Structures are given as C-alpha cells and as structure tokens.
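run06.csv (CSV, C-alpha atoms and all ligand atoms) appears below.
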```csv
chain,number,residue,atom,x,y,z
A,1,MET,CA,0.0,0.0,0.0
A,2,LYS,CA,1.2,3.5,-0.8
A,3,ALA,CA,0.3,6.8,0.8
A,4,ILE,CA,1.0,10.4,-0.1
A,5,VAL,CA,1.4,12.7,2.8
A,6,THR,CA,1.6,16.5,2.1
A,7,GLY,CA,3.3,18.6,4.7
A,8,SER,CA,5.3,15.5,5.7
A,9,GLY,CA,7.9,17.5,7.6
A,10,GLY,CA,5.2,19.2,9.8
A,11,LEU,CA,3.9,18.0,13.1
A,12,ILE,CA,0.9,16.1,11.8
A,13,GLY,CA,2.4,15.1,8.5
A,14,SER,CA,5.6,13.6,10.0
A,15,GLU,CA,3.6,11.7,12.6
A,16,CYS,CA,1.4,10.2,9.9
A,17,VAL,CA,4.5,9.2,7.9
A,18,ARG,CA,5.9,7.4,11.0
A,19,THR,CA,2.6,5.7,11.8
A,20,LEU,CA,2.1,4.5,8.2
A,21,SER,CA,5.7,3.3,8.0
A,22,ARG,CA,5.3,1.3,11.2
A,23,GLU,CA,2.2,-0.3,9.5
A,24,GLY,CA,4.3,-1.3,6.5
A,25,TRP,CA,3.2,1.4,4.0
A,26,ASP,CA,5.3,3.0,1.3
A,27,VAL,CA,5.0,6.7,1.9
A,28,VAL,CA,5.8,9.6,-0.4
A,29,GLY,CA,6.1,12.9,1.4
A,30,ILE,CA,5.6,16.3,-0.1
A,31,ASP,CA,7.1,19.3,1.8
A,32,ASN,CA,9.0,22.3,0.6
A,33,ASP,CA,9.9,23.7,4.1
A,34,MET,CA,7.6,26.6,3.5
A,35,ARG,CA,7.1,26.7,7.3
A,36,ALA,CA,10.5,28.3,7.5
A,37,ARG,CA,9.4,31.0,5.0
A,38,PHE,CA,6.3,31.7,7.1
A,39,PHE,CA,7.9,31.8,10.5
A,40,GLY,CA,11.7,32.1,10.0
A,41,PRO,CA,14.5,29.7,10.8
A,42,GLN,CA,12.9,28.5,14.1
A,43,GLY,CA,9.9,27.2,12.1
A,44,THR,CA,12.0,25.0,9.8
A,45,THR,CA,10.8,21.4,9.4
A,46,ARG,CA,13.9,20.4,7.3
A,47,PRO,CA,15.6,18.4,10.1
A,48,VAL,CA,12.4,16.4,10.5
A,49,VAL,CA,12.4,15.5,6.8
A,50,GLU,CA,16.1,14.5,7.0
A,51,GLU,CA,15.3,12.3,10.0
A,52,LEU,CA,12.4,10.6,8.1
A,53,VAL,CA,14.6,10.1,5.0
A,54,SER,CA,17.5,8.6,7.0
A,55,SER,CA,15.4,6.4,9.3
A,56,LEU,CA,12.6,5.1,7.2
A,57,PRO,CA,13.7,3.0,4.2
A,58,ARG,CA,10.2,3.1,2.6
A,59,TYR,CA,9.9,6.8,2.8
A,60,ARG,CA,10.5,8.9,-0.3
A,61,HIS,CA,10.6,12.7,-0.1
A,62,VAL,CA,9.6,15.1,-2.8
A,63,GLU,CA,10.5,18.7,-2.3
A,64,ALA,CA,7.4,19.9,-4.1
A,65,ASP,CA,5.1,22.9,-3.6
A,66,ILE,CA,1.4,22.0,-3.5
A,67,ARG,CA,0.7,25.3,-5.3
A,68,ASP,CA,2.4,23.8,-8.4
A,69,ARG,CA,-0.7,22.4,-10.1
A,70,GLN,CA,1.1,20.4,-12.8
A,71,LYS,CA,3.6,18.9,-10.4
A,72,VAL,CA,0.8,17.7,-8.1
A,73,ARG,CA,-1.1,16.2,-11.1
A,74,ASP,CA,2.1,14.5,-12.4
A,75,MET,CA,2.8,13.1,-8.9
A,76,LEU,CA,-0.6,11.7,-8.3
A,77,GLN,CA,-0.8,10.3,-11.9
A,78,GLN,CA,2.6,8.6,-11.4
A,79,GLU,CA,2.2,7.4,-7.8
A,80,ARG,CA,-1.6,6.5,-7.8
A,81,PRO,CA,-1.6,6.3,-4.0
A,82,ASP,CA,-4.1,4.2,-2.0
A,83,PHE,CA,-4.4,6.9,0.6
A,84,ILE,CA,-3.8,10.7,0.8
A,85,ILE,CA,-3.3,12.7,3.9
A,86,HIS,CA,-3.2,16.4,3.3
A,87,THR,CA,-1.6,18.4,6.1
A,88,ALA,CA,0.5,21.0,4.2
A,89,ALA,CA,-0.7,24.5,5.1
A,90,GLN,CA,-0.1,28.0,6.1
A,91,PRO,CA,-1.3,27.1,9.6
A,92,SER,CA,-1.3,30.4,11.5
A,93,HIS,CA,-4.5,32.4,12.3
A,94,ASP,CA,-2.4,35.5,13.1
A,95,LYS,CA,0.2,35.3,10.3
A,96,ALA,CA,-2.4,35.1,7.4
A,97,ALA,CA,-3.4,38.8,7.6
A,98,SER,CA,0.1,39.9,6.5
A,99,ILE,CA,0.4,37.2,3.7
A,100,PRO,CA,-3.1,36.8,2.3
A,101,TYR,CA,-2.1,35.7,-1.2
A,102,ASP,CA,0.3,33.1,0.1
A,103,ASP,CA,-2.2,31.9,2.7
A,104,PHE,CA,-5.0,31.5,0.2
A,105,ASP,CA,-2.7,30.0,-2.5
A,106,VAL,CA,-1.4,27.3,-0.1
A,107,ASN,CA,-4.5,26.6,1.9
A,108,ALA,CA,-7.3,26.9,-0.6
A,109,LEU,CA,-5.7,26.5,-4.1
A,110,GLY,CA,-3.2,23.9,-2.9
A,111,THR,CA,-6.1,21.8,-1.5
A,112,LEU,CA,-8.0,22.2,-4.8
A,113,ASN,CA,-5.0,21.1,-6.8
A,114,LEU,CA,-4.8,17.9,-4.7
A,115,LEU,CA,-8.6,17.2,-4.9
A,116,VAL,CA,-8.8,17.5,-8.6
A,117,ALA,CA,-5.7,15.4,-9.2
A,118,ALA,CA,-7.1,12.8,-6.7
A,119,ARG,CA,-10.4,12.8,-8.6
A,120,ASP,CA,-8.6,12.3,-11.9
A,121,PHE,CA,-6.1,9.7,-10.9
A,122,CYS,CA,-7.0,7.9,-7.7
A,123,ARG,CA,-10.6,8.8,-6.8
A,124,ASP,CA,-11.2,5.8,-4.6
A,125,ALA,CA,-8.2,6.6,-2.3
A,126,PRO,CA,-9.4,7.9,1.1
A,127,PHE,CA,-8.4,11.5,1.5
A,128,CYS,CA,-8.0,13.1,4.9
A,129,PHE,CA,-7.9,16.9,5.1
A,130,THR,CA,-6.7,18.7,8.2
A,131,SER,CA,-9.2,21.6,8.5
A,132,THR,CA,-9.4,23.8,11.6
A,133,ASN,CA,-11.9,24.9,14.2
A,134,LYS,CA,-11.2,28.4,13.0
A,135,VAL,CA,-13.8,27.6,10.3
A,136,TYR,CA,-16.3,28.4,13.0
A,137,GLY,CA,-14.7,31.8,13.3
A,138,ASP,CA,-15.5,33.6,16.5
A,139,ARG,CA,-19.0,32.0,16.7
A,140,PRO,CA,-17.9,29.9,19.7
A,141,ASN,CA,-17.4,33.1,21.6
A,142,THR,CA,-21.2,33.8,21.3
A,143,LEU,CA,-21.9,30.7,23.5
A,144,PRO,CA,-22.9,31.6,27.1
A,145,LEU,CA,-19.9,31.2,29.3
A,146,VAL,CA,-19.1,31.1,33.0
A,147,GLU,CA,-15.9,32.5,34.5
A,148,LYS,CA,-14.2,30.2,36.9
A,149,GLU,CA,-11.1,30.7,39.0
A,150,THR,CA,-8.6,29.5,36.4
A,151,ARG,CA,-10.7,29.2,33.2
A,152,TYR,CA,-13.8,30.0,31.2
A,153,ASP,CA,-16.3,27.3,30.6
A,154,TYR,CA,-19.6,26.8,28.9
A,155,ALA,CA,-22.7,27.7,30.9
A,156,GLY,CA,-25.4,25.2,31.2
A,157,GLY,CA,-23.2,22.1,31.3
A,158,LEU,CA,-22.4,22.1,27.5
A,159,ASP,CA,-19.6,19.5,27.1
A,160,GLY,CA,-18.2,20.8,23.8
A,161,ILE,CA,-18.7,22.1,20.3
A,162,ASP,CA,-20.1,19.8,17.7
A,163,GLU,CA,-20.2,19.9,13.9
A,164,THR,CA,-23.7,21.5,13.8
A,165,MET,CA,-22.3,24.9,14.7
A,166,SER,CA,-22.7,27.4,11.7
A,167,ILE,CA,-19.5,28.4,9.9
A,168,ASP,CA,-21.3,31.4,8.3
A,169,SER,CA,-21.6,35.1,9.2
A,170,CYS,CA,-18.8,35.5,11.7
A,171,LEU,CA,-15.2,36.8,12.0
A,172,HIS,CA,-12.9,34.0,10.7
A,173,SER,CA,-9.5,35.6,10.2
A,174,VAL,CA,-7.9,35.4,6.8
A,175,PHE,CA,-6.6,32.0,7.7
A,176,GLY,CA,-10.0,30.8,8.8
A,177,ALA,CA,-11.5,32.0,5.6
A,178,SER,CA,-8.9,30.2,3.4
A,179,LYS,CA,-9.5,27.0,5.4
A,180,VAL,CA,-13.3,27.4,5.0
A,181,ALA,CA,-12.7,27.5,1.2
A,182,ALA,CA,-10.7,24.3,1.4
A,183,ASP,CA,-13.0,22.6,4.0
A,184,VAL,CA,-16.1,23.2,1.8
A,185,MET,CA,-14.3,22.2,-1.3
A,186,CYS,CA,-13.3,18.9,0.3
A,187,GLN,CA,-16.9,18.3,1.4
A,188,GLU,CA,-18.0,19.0,-2.1
A,189,PHE,CA,-15.6,16.6,-3.7
A,190,GLY,CA,-16.8,14.0,-1.2
A,191,ARG,CA,-20.5,14.6,-2.0
A,192,TYR,CA,-20.5,15.7,-5.6
A,193,PHE,CA,-17.9,13.3,-6.9
A,194,GLN,CA,-18.6,10.6,-4.3
A,195,MET,CA,-15.0,10.6,-3.2
A,196,PRO,CA,-14.0,9.2,0.3
A,197,VAL,CA,-12.9,12.6,1.7
A,198,GLY,CA,-12.8,13.3,5.4
A,199,VAL,CA,-12.6,16.8,6.8
A,200,PHE,CA,-11.1,17.0,10.3
A,201,ARG,CA,-11.5,20.3,12.0
A,202,GLY,CA,-8.6,20.4,14.4
A,203,GLY,CA,-8.3,22.5,17.5
A,204,CYS,CA,-4.9,22.3,19.2
A,205,LEU,CA,-3.0,19.4,17.6
A,206,THR,CA,0.3,19.1,19.4
A,207,GLY,CA,3.3,17.0,20.3
A,208,PRO,CA,7.0,17.1,21.0
A,209,GLN,CA,7.9,17.3,17.4
A,210,HIS,CA,6.2,20.7,16.8
A,211,ALA,CA,8.6,23.3,15.4
A,212,ALA,CA,6.7,25.7,17.6
A,213,VAL,CA,6.8,29.5,17.2
A,214,GLU,CA,4.8,32.2,18.9
A,215,LEU,CA,2.3,32.4,16.0
A,216,HIS,CA,1.6,28.7,15.8
A,217,GLY,CA,1.8,25.7,18.2
A,218,TYR,CA,0.5,27.2,21.4
A,219,LEU,CA,1.2,24.3,23.9
A,220,ALA,CA,4.6,23.4,22.4
A,221,TYR,CA,5.6,27.1,22.4
A,222,ILE,CA,4.6,27.9,26.0
A,223,VAL,CA,6.5,24.8,27.2
A,224,HIS,CA,9.5,25.8,25.1
A,225,CYS,CA,9.5,29.3,26.7
A,226,ALA,CA,9.2,27.8,30.2
A,227,VAL,CA,12.1,25.3,29.8
A,228,PHE,CA,14.4,27.8,27.9
A,229,GLY,CA,13.6,30.7,30.2
A,230,LYS,CA,12.1,32.8,27.4
A,231,PRO,CA,9.5,35.4,28.2
A,232,TYR,CA,5.9,34.6,27.1
A,233,THR,CA,3.1,37.0,26.4
A,234,ILE,CA,-0.5,36.2,27.2
A,235,TYR,CA,-3.0,38.0,25.0
A,236,GLY,CA,-6.3,38.8,26.7
A,237,TYR,CA,-9.1,36.9,28.4
A,238,LYS,CA,-7.2,37.1,31.7
A,239,GLY,CA,-5.2,34.0,30.6
A,240,LYS,CA,-8.4,31.9,31.1
A,241,GLN,CA,-8.8,30.9,27.5
A,242,VAL,CA,-9.3,27.2,27.1
A,243,ARG,CA,-8.1,24.7,24.4
A,244,ASP,CA,-8.5,21.0,24.2
A,245,GLN,CA,-5.2,19.3,23.3
A,246,ILE,CA,-4.7,16.2,21.2
A,247,HIS,CA,-1.4,14.4,20.5
A,248,SER,CA,-0.3,14.1,16.9
A,249,GLN,CA,-0.1,10.3,17.3
A,250,ASP,CA,-3.8,10.1,18.2
A,251,VAL,CA,-4.5,12.2,15.1
A,252,ALA,CA,-2.4,9.9,12.9
A,253,ASN,CA,-4.2,6.8,14.3
A,254,LEU,CA,-7.6,8.4,13.7
A,255,PHE,CA,-6.7,8.9,10.0
A,256,LEU,CA,-5.9,5.2,9.7
A,257,HIS,CA,-9.4,4.5,11.1
A,258,PHE,CA,-10.8,6.8,8.4
A,259,PHE,CA,-8.8,4.9,5.8
A,260,ARG,CA,-10.5,1.6,6.9
A,261,ASN,CA,-14.0,3.1,7.2
A,262,PRO,CA,-14.2,6.2,4.9
A,263,ARG,CA,-17.3,8.3,4.3
A,264,PHE,CA,-18.0,10.8,1.5
A,265,GLY,CA,-17.3,14.4,2.5
A,266,GLU,CA,-17.9,13.9,6.3
A,267,VAL,CA,-16.9,16.6,8.7
A,268,TYR,CA,-15.5,15.9,12.2
A,269,ASN,CA,-14.4,18.1,15.0
A,270,LEU,CA,-11.0,16.9,16.2
A,271,GLY,CA,-9.5,17.6,19.6
A,272,GLY,CA,-8.7,16.0,22.9
A,273,GLY,CA,-12.1,16.7,24.3
A,274,ARG,CA,-13.0,18.0,27.8
A,275,ALA,CA,-10.6,15.7,29.6
A,276,ASN,CA,-7.7,17.2,27.7
A,277,SER,CA,-8.7,20.8,28.0
A,278,VAL,CA,-6.6,23.4,29.7
A,279,SER,CA,-6.4,27.1,30.0
A,280,VAL,CA,-3.3,29.2,29.6
A,281,THR,CA,-3.2,29.9,33.4
A,282,GLU,CA,-3.6,26.3,34.2
A,283,THR,CA,-0.8,25.4,31.8
A,284,ILE,CA,1.5,27.9,33.6
A,285,ASP,CA,0.5,26.3,36.9
A,286,LEU,CA,1.1,22.8,35.6
A,287,LEU,CA,4.6,23.8,34.3
A,288,ALA,CA,5.4,25.5,37.6
A,289,GLY,CA,4.5,22.2,39.4
A,290,MET,CA,7.0,20.5,37.2
A,291,GLY,CA,9.7,23.0,38.2
A,292,PHE,CA,9.5,25.3,35.1
A,293,VAL,CA,8.4,28.7,36.2
A,294,LEU,CA,7.3,30.8,33.2
A,295,THR,CA,8.3,34.4,32.9
A,296,HIS,CA,5.3,36.0,31.4
A,297,GLN,CA,3.6,39.3,30.7
A,298,TYR,CA,-0.1,40.1,30.2
A,299,VAL,CA,-1.5,42.2,27.3
A,300,ASP,CA,-5.1,43.0,27.7
A,301,GLN,CA,-5.9,43.0,24.0
A,302,ASN,CA,-6.8,39.5,22.8
A,303,ARG,CA,-5.8,38.1,19.4
A,304,VAL,CA,-8.4,39.0,16.7
A,305,GLY,CA,-11.2,36.5,16.7
A,306,ASP,CA,-9.4,34.3,19.3
A,307,HIS,CA,-11.6,31.7,20.9
A,308,ILE,CA,-12.3,32.2,24.6
A,309,CYS,CA,-13.3,28.6,25.3
A,310,TYR,CA,-13.0,25.9,22.7
A,311,ILE,CA,-13.5,22.3,23.6
A,312,SER,CA,-14.4,19.7,20.9
A,313,ASP,CA,-17.4,17.5,21.2
A,314,LEU,CA,-15.9,14.1,20.1
A,315,GLY,CA,-19.3,12.4,19.9
A,316,LYS,CA,-19.4,12.1,16.1
A,317,LEU,CA,-15.8,10.8,15.9
A,318,ARG,CA,-16.5,8.2,18.6
A,319,ALA,CA,-19.7,7.1,16.9
A,320,HIS,CA,-18.1,6.7,13.5
A,321,PHE,CA,-14.8,5.2,14.7
A,322,PRO,CA,-15.8,3.3,17.9
A,323,ASP,CA,-12.4,1.5,18.1
A,324,TRP,CA,-10.4,4.7,18.1
A,325,ARG,CA,-9.1,5.8,21.5
A,326,LEU,CA,-7.2,8.8,22.7
A,327,GLU,CA,-3.9,7.3,24.0
A,328,TYR,CA,-2.5,10.6,25.3
A,329,ASP,CA,-4.0,12.4,28.2
A,330,LEU,CA,-2.9,15.9,29.1
A,331,GLY,CA,-0.2,14.9,31.5
A,332,LYS,CA,1.4,12.6,29.0
A,333,ILE,CA,1.2,15.2,26.3
A,334,ILE,CA,2.8,18.0,28.4
A,335,GLY,CA,5.3,15.5,29.8
A,336,GLY,CA,6.5,14.5,26.3
A,337,ILE,CA,6.9,18.1,25.2
A,338,VAL,CA,8.8,19.0,28.4
A,339,ASP,CA,11.1,16.0,28.0
A,340,ARG,CA,12.0,17.0,24.4
A,341,ASN,CA,12.7,20.6,25.4
A,342,VAL,CA,14.8,19.6,28.3
A,343,ARG,CA,16.9,17.4,26.0
A,344,GLN,CA,17.3,20.2,23.5
A,345,PHE,CA,18.2,22.7,26.3
A,346,HIS,CA,20.9,20.4,27.6
A,347,ALA,CA,22.2,19.7,24.1
A,348,GLN,CA,22.4,23.5,23.5
A,349,GLU,CA,24.3,24.0,26.8
A,350,VAL,CA,26.8,21.2,25.9
A,351,SER,CA,27.5,22.7,22.5
A,352,ARG,CA,28.2,26.1,23.9
B,401,LIG,N1,-1.2,22.2,14.9
B,401,LIG,C1,-2.4,22.7,15.2
B,401,LIG,O1,-2.7,23.0,16.3
B,401,LIG,C2,-3.5,22.7,14.2
B,401,LIG,C3,-4.8,23.1,14.6
B,401,LIG,C4,-5.8,23.1,13.6
B,401,LIG,C5,-5.6,22.7,12.3
B,401,LIG,N2,-4.3,22.3,12.0
B,401,LIG,C6,-4.1,22.0,10.6
B,401,LIG,O2,-3.4,20.8,10.5
B,401,LIG,C7,-2.4,20.8,9.4
B,401,LIG,C8,-1.1,20.4,9.9
B,401,LIG,O3,-0.7,21.3,10.9
B,401,LIG,P1,0.8,21.2,11.6
B,401,LIG,O4,0.7,21.8,12.9
B,401,LIG,O5,1.3,19.9,11.3
B,401,LIG,O6,1.5,22.3,10.7
B,401,LIG,P2,3.1,22.4,10.3
B,401,LIG,O7,3.3,23.8,10.0
B,401,LIG,O8,3.9,21.8,11.4
B,401,LIG,O9,3.2,21.5,9.0
B,401,LIG,C9,2.8,21.9,7.7
B,401,LIG,C10,3.9,21.5,6.8
B,401,LIG,O10,3.5,21.9,5.5
B,401,LIG,C11,4.6,22.4,4.7
B,401,LIG,N3,4.1,23.3,3.7
B,401,LIG,C12,3.6,24.5,3.8
B,401,LIG,N4,3.2,25.0,2.6
B,401,LIG,C13,3.6,24.1,1.7
B,401,LIG,C14,3.5,24.1,0.3
B,401,LIG,N5,3.0,25.1,-0.4
B,401,LIG,N6,3.9,22.9,-0.3
B,401,LIG,C15,4.4,21.9,0.4
B,401,LIG,N7,4.5,21.9,1.7
B,401,LIG,C16,4.1,23.0,2.4
B,401,LIG,C17,5.4,23.1,5.8
B,401,LIG,O11,6.8,23.3,5.4
B,401,LIG,C18,5.2,22.3,7.0
B,401,LIG,O12,6.3,21.3,7.1
B,401,LIG,C19,-2.6,22.1,8.8
B,401,LIG,O13,-3.5,22.0,7.7
B,401,LIG,C20,-3.2,23.0,9.9
B,401,LIG,O14,-3.9,24.1,9.4
B,401,LIG,C21,-3.3,22.3,12.9
```
Write the structure described by the file as structure tokens, please.
Ligand SMILES: NC(=O)c1ccc[n+]([C@@H]2O[C@H](COP(=O)([O-])OP(=O)(O)OC[C@H]3O[C@@H](n4cnc5c(N)ncnc54)[C@H](O)[C@@H]3O)[C@@H](O)[C@H]2O)c1
Amino acid sequence: MKAIVTGSGGLIGSECVRTLSREGWDVVGIDNDMRARFFGPQGTTRPVVEELVSSLPRYRHVEADIRDRQKVRDMLQQERPDFIIHTAAQPSHDKAASIPYDDFDVNALGTLNLLVAARDFCRDAPFCFTSTNKVYGDRPNTLPLVEKETRYDYAGGLDGIDETMSIDSCLHSVFGASKVAADVMCQEFGRYFQMPVGVFRGGCLTGPQHAAVELHGYLAYIVHCAVFGKPYTIYGYKGKQVRDQIHSQDVANLFLHFFRNPRFGEVYNLGGGRANSVSVTETIDLLAGMGFVLTHQYVDQNRVGDHICYISDLGKLRAHFPDWRLEYDLGKIIGGIVDRNVRQFHAQEVSR
C-alpha cells in the first residue's frame, strides 16, 4: 500500500509518515519547508524530513510545492496512491493577515490542486484533510460562558462544540476563511464526486515534534518558553482561554481508522475533548508544578477572533470510529513536550 502525505515535515504530516511506515506502508512525502518561510528559521521542518529520510527506508521525499498544479497532477498520476493525507498548510491564524495571497494559494488552491488530481487519478483513495476549528470563526465566543477561577467554561453544562455549529456570518481571520474554502471544497468533492474525503476540524493538535513558534503551536511554544527561560506573552481573556489538546499520534491513528471506514465528505471536530482541555493559566501552573516557572507578561488585547473557550465534542468521531481511542492524556502530552525541550536545552548547553 502506498500513501501520499503532504506537509510531511510538519507536526501532523511527520507523525502520519511514522505511523504509516510502522504499519508497512510505502510513503511519499511532499514538503518544501515553507514553514521556515512563514515563521523564520525556528519554524523550519527540514531536520524532521532529514530524519524521516534517513530512518525510514520506505519513505521517499519530494521537495514539491502543492501550489504547483502540474507537479501535483504529475505526482498523483505517477504514484496513484491508496491513501492521501493532506496536512500542508499556512497554519497560523495571526500570520495570514500579512500574507493573504500566500495563505490562500497554499490553503485553498493547494487543496483544490490535490482534490482535482485525486479525482482524476485515484478517486477511490481515502483523502484526509486537516481543517481547523477556525472555520467556526468567532462564533464559539457567542456561546454563554461562565468565568471560573482559572478558566472560562460553557454555561449550562455544555460539554463541547459539535459539527452543527454554523460556519457562516462570523469573523474568521484570513486563515479561517482560506481554510473554509478548502474545507467546503473537500466536502464538495466527497459529496458531488462521491469521493472518500474526510474533513477534520482540528483545535490544538500538538506533540513534542512541533517546530513551535509564537504564531503557531501554542502548547509546544509555551513549554519551550518555560524550559528555555524565554518570556511569554498572554494575549487577553485574563489567561483563562481554554483549548483541548490532542497528541499528533492520536490524530495519525484516527486517519488510519478513516482509511479503513471512509465516508463521503464527512466533517469531524477533532481535539482532545474536555478531559484534555486546559487554560493558559492552568498550563502555567502545571509547568510550575514540574519545576519550570514561566516568565510572562499580560497584554489586555486578545488576538483578533481568538476563541475564549474551545472544547471539541468528540461524539461524532467516537460514533463513526468506535475502536479509536485517545492514547495521550494531558499529563502525557505535556510531559512529552517538556522532555524533548529539556533534552534540547541540555544539548544546547553542551554545544556552547
Ligand atoms: N497544529 C495545530 O494546532 C492545528 C490546529 C488546527 C488545524 N491544523 C491543521 O493541521 C495541518 C497540519 O498542521 P501542523 O501543525 O502539522 O502544521 P506544520 O506547519 O507543522 O506542518 C505543515 C507543513 O506543510 C509544509 N508546507 C507549507 N506550505 C507548503 C507548500 N506550499 N507545499 C508543500 N509543503 C508545504 C510546511 O513546510 C510544514 O512542514 C494544517 O493544515 C493545519 O492548518 C493544525
């Protein structure tokens, strides 16, 4: 079996490559290290690609750009994969406003390039698209909330946000809008062309491998700052904003479940659910408890359209994939990110 993974150097893409390789797949990865162009050298995913190439004999890397329509068509025609996982993206909510053309070209047009090529050359191959909960724009902020000591939460006992929330008539950010275009196009190819396309609206997808930067990869970045003693800035909501965290390995496993039981153009909210939810303040407390005291400042102005409380309702995912389980709870997720940062910190000290 052969899979194509776009964004194979990134957090989710590289985890999918490793997971599929362990299961005996041939994997062709597409990544042009555009993350370094978006976020500077700290964002580079090149070392990850080098590690995949050197450690996985059945991994092949193609330094292609998903904006290159002909290249994408040629690749899919030549490779005719059994499975496509599309994770390549401009992933930052905040960054997109300063690079709207690049953001739309990568997120929307790059996705269209893959969908059309998949339809023409391997239409029966399950196709997983990593969308985002930012397609709901700031609508989650209109839900009634209660303020607790360390976090906001939904009033009235709502467990989380499900897929019935409207994506229309709200403030999305430029990133959210380009992802809406891709998200709806993926649904359309699923329904109109009867292709097995799954749309996964991620919240905070995380893990030790994230090339975290301030503008993308919240949990990995805050841990990095705590371990390396770098100052961290909290933007608004008294630091009580909540996110549910899911480990990249749980995401990769889920995609394999979709491969085995695909549906046409189905949409899923993807996160760690209530049990894996944490606020910024709570994260800081957890890190302090582990011996890493974060130096931070507070800015009253929140990020434009930033969610106050976002927790995914995993009911639909669990109903459609009853054998899929979250293997990583919050402690294991944070512990893994801390361990990696500590190792990097010591390696840096030694090389000085
Ligand atoms: N990490 C999260 O918290 C999160 C949350 C919601 C949604 N998502 C979505 O999940 C997907 C994966 O996220 P991630 O955190 O792994 O991102 P990432 O930035 O770590 O990985 C994306 C990879 O795509 C590559 N890439 C970018 N543009 C490219 C192009 N034009 N051609 C080829 N490769 C290109 C980058 O170099 C990078 O290696 C993205 O679609 C993102 O929007 C992520």
Which residues form the shell of 6 Å around ligand LIG 401 (chain B) when you count only C-alpha atoms and all ligand atoms, given as a CSV table (one decimal) with C-alpha atoms, keeping the file's coordinate frame?
```
chain,number,residue,atom,x,y,z
A,7,GLY,CA,3.3,18.6,4.7
A,9,GLY,CA,7.9,17.5,7.6
A,10,GLY,CA,5.2,19.2,9.8
A,11,LEU,CA,3.9,18.0,13.1
A,12,ILE,CA,0.9,16.1,11.8
A,13,GLY,CA,2.4,15.1,8.5
A,30,ILE,CA,5.6,16.3,-0.1
A,31,ASP,CA,7.1,19.3,1.8
A,32,ASN,CA,9.0,22.3,0.6
A,33,ASP,CA,9.9,23.7,4.1
A,34,MET,CA,7.6,26.6,3.5
A,35,ARG,CA,7.1,26.7,7.3
A,45,THR,CA,10.8,21.4,9.4
A,64,ALA,CA,7.4,19.9,-4.1
A,65,ASP,CA,5.1,22.9,-3.6
A,66,ILE,CA,1.4,22.0,-3.5
A,67,ARG,CA,0.7,25.3,-5.3
A,87,THR,CA,-1.6,18.4,6.1
A,88,ALA,CA,0.5,21.0,4.2
A,89,ALA,CA,-0.7,24.5,5.1
A,90,GLN,CA,-0.1,28.0,6.1
A,91,PRO,CA,-1.3,27.1,9.6
A,106,VAL,CA,-1.4,27.3,-0.1
A,130,THR,CA,-6.7,18.7,8.2
A,131,SER,CA,-9.2,21.6,8.5
A,132,THR,CA,-9.4,23.8,11.6
A,202,GLY,CA,-8.6,20.4,14.4
A,203,GLY,CA,-8.3,22.5,17.5
A,204,CYS,CA,-4.9,22.3,19.2
A,205,LEU,CA,-3.0,19.4,17.6
A,206,THR,CA,0.3,19.1,19.4
A,210,HIS,CA,6.2,20.7,16.8
A,217,GLY,CA,1.8,25.7,18.2
```
Problem set entry | Nearest candidate to A:Lys148 (options A:Tyr59, A:Tyr237, A:Phe321, A:Tyr232; using all atoms listed in the file) |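 The answer is A:Tyr237, which sits nearest to A:Lys148.
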Problem set entry | From A:Val27, A:Ala36, A:Ile85, A:Ile337, residue lying nearest A:Val199 [only C-alpha atoms] | A:Ile85
Exercise. Looking at A:Val242, A:Val116, A:Ala252, A:Leu215, which one is nearest to A:Phe39, with distances taken over all atoms listed in the file?
Worked result: A:Leu215
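Closest to A:Ile222 among A:Ile334, A:Val299, A:Leu115, A:Ile167 is A:Ile334, based on only C-alpha atoms.
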Problem set entry | Distance criterion (all atoms listed in the file): nearest to A:Glu266 out of A:Gly198, A:Gly137, A:Gly331, A:Gly160 | A:Gly198
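Of the residues under consideration (A:Asn302, A:Gln348, A:Ser173, A:Thr111), A:Thr111 shows the shortest atom-to-atom contact distance to A:Gln187 when counting all atoms listed in the file.
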Problem set entry | Selection: 8 Å around A:Asn269, only C-alpha atoms, excl. self and same-chain fewer than 2 positions, as an MDAnalysis selection string | chainID A and resid 133 161:163 200:203 267 271 312:314 316:317
For this session: Take the point (2.5, 14.6, -6.5) as written in the file and pick out every residue within 9 Å of it, counting only C-alpha atoms; give the list as a PyMOL selection string.
Result: chain A and resi 4+6+28-30+62+64+66+70-79+114+117
